[in-house]
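Presented below is the structure to which this report refers.
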Amino acid sequence: MRQIFVLLLAFAAAPAVAFGHEVKPCEAAGVDLRSLIGPVAKNSLVLYDGKVTLYNVDTIEPACCSGGIAVVLPDVKDELGGNACMASIGYTNIDVTKAKRSYDPAKGMLLELPTQTANR
């Protein structure tokens, strides 16, 4: 089933649900460096002068829907200026490099990503 995943970066650092897919911390989603699809330079999108990066990820299992995205962005709760990582997995196909971008001064960056999910 084709869908559009919409990500509002202003709220990406908070757990949420989009089309039945949770957006949660990378660790809770089982996403780590081993999940990145290589070559990373061709499977990522860098925004806000390098402060925010989106990655295509693959968690290998379940085979039907192991695709997803990870978003690494500044952690506003970290006094030392660290980063937070949020992820949404469970897609048959999703590609951050095909994101359609728009900007709303009141809301921030809006990304629309074409996706495919398995019919469950």
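By order of appearance in the structure tokens: chains A, B, ..., then residues from 1 within every chain, and ligands from 1 in the order shown.
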Exercise. Which of stretch 31-77 of chain A counts as strand (DSSP E) under DSSP, as a VMD selection string please?
Worked result: chain A and resid 44 to 47 52 to 58 67 to 74
Please save C-alpha atoms of the selected residues as a tab-separated table (two decimals), in the first residue's frame.
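As written to disk, out_19.tsv reads:
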chain	number	residue	atom	x	y	z
A	44	SER	CA	20.83	10.10	3.80
A	45	LEU	CA	19.54	13.65	3.72
A	46	VAL	CA	21.32	16.47	5.54
A	47	LEU	CA	19.35	19.53	6.62
A	52	VAL	CA	19.80	17.34	11.25
A	53	THR	CA	20.39	14.14	9.26
A	54	LEU	CA	17.85	11.59	8.06
A	55	TYR	CA	19.01	8.07	7.23
A	56	ASN	CA	17.46	5.16	5.37
A	57	VAL	CA	17.65	2.14	7.70
A	58	ASP	CA	17.02	-1.58	7.42
A	67	GLY	CA	12.70	-0.51	6.20
A	68	GLY	CA	12.56	2.76	8.04
A	69	ILE	CA	14.13	6.11	8.70
A	70	ALA	CA	16.26	7.46	11.51
A	71	VAL	CA	16.48	11.17	12.29
A	72	VAL	CA	19.48	12.51	14.21
A	73	LEU	CA	18.90	16.02	15.52
A	74	PRO	CA	20.04	18.26	18.37
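Within 8 Å of A:Asp95, once only C-alpha atoms are used and residues closer than 2 positions along the same chain are dropped, the contacting residues are A:Asn43, A:Asn56, A:Ile69, A:Asn93, A:Thr97, A:Lys98, A:Ala99, A:Leu113, A:Pro114, A:Thr115.
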Exercise. Which residue, A:Pro105, A:Val96, A:Ala87, A:Ala28, has the smallest gap to A:Val40 when you use only C-alpha atoms?
Worked result: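 Closest to A:Val40, using only C-alpha atoms: A:Val96.
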Problem set entry | Atomic separation - atom CA of A:Pro25 relative to atom CA of A:Gly81, Å | 17.2 Å
Exercise. Which residue, A:Glu22, A:Lys51, A:Leu111, A:Cys64, has the smallest gap to A:Asn83 when you use only C-alpha atoms?
Worked result: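 Closest candidate: A:Lys51.
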For this session: Would you please extract all alpha helix (DSSP H) residues from stretch 22-105 of chain A, as assigned by DSSP on the backbone, and give them as a ChimeraX atom specification?
Result: /A:26-29
Please dump the current selection as a CSV table (one decimal), in the first residue's frame; keep all heavy atoms.
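The resulting file, part30.csv, is reproduced below:
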chain,number,residue,atom,x,y,z
A,26,CYS,N,15.6,5.8,18.7
A,26,CYS,CA,16.3,4.8,17.9
A,26,CYS,C,16.5,3.5,18.7
A,26,CYS,O,16.3,2.4,18.3
A,26,CYS,CB,17.6,5.3,17.3
A,26,CYS,SG,17.3,6.5,16.0
A,27,GLU,N,17.0,3.7,19.9
A,27,GLU,CA,17.3,2.5,20.8
A,27,GLU,C,16.1,1.7,21.0
A,27,GLU,O,16.1,0.4,20.9
A,27,GLU,CB,17.9,3.0,22.1
A,27,GLU,CG,18.3,1.8,23.0
A,27,GLU,CD,19.0,2.3,24.3
A,27,GLU,OE1,20.0,3.1,24.2
A,27,GLU,OE2,18.5,2.0,25.4
A,28,ALA,N,14.9,2.3,21.3
A,28,ALA,CA,13.7,1.6,21.5
A,28,ALA,C,13.2,0.9,20.2
A,28,ALA,O,12.5,-0.1,20.2
A,28,ALA,CB,12.6,2.5,22.0
A,29,ALA,N,13.5,1.5,19.0
A,29,ALA,CA,13.1,1.0,17.7
A,29,ALA,C,14.1,-0.1,17.2
A,29,ALA,O,13.8,-0.7,16.2
A,29,ALA,CB,13.0,2.1,16.7
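Atom CA of A:Ile89 is found 6.8 Å from atom CA of A:His21.
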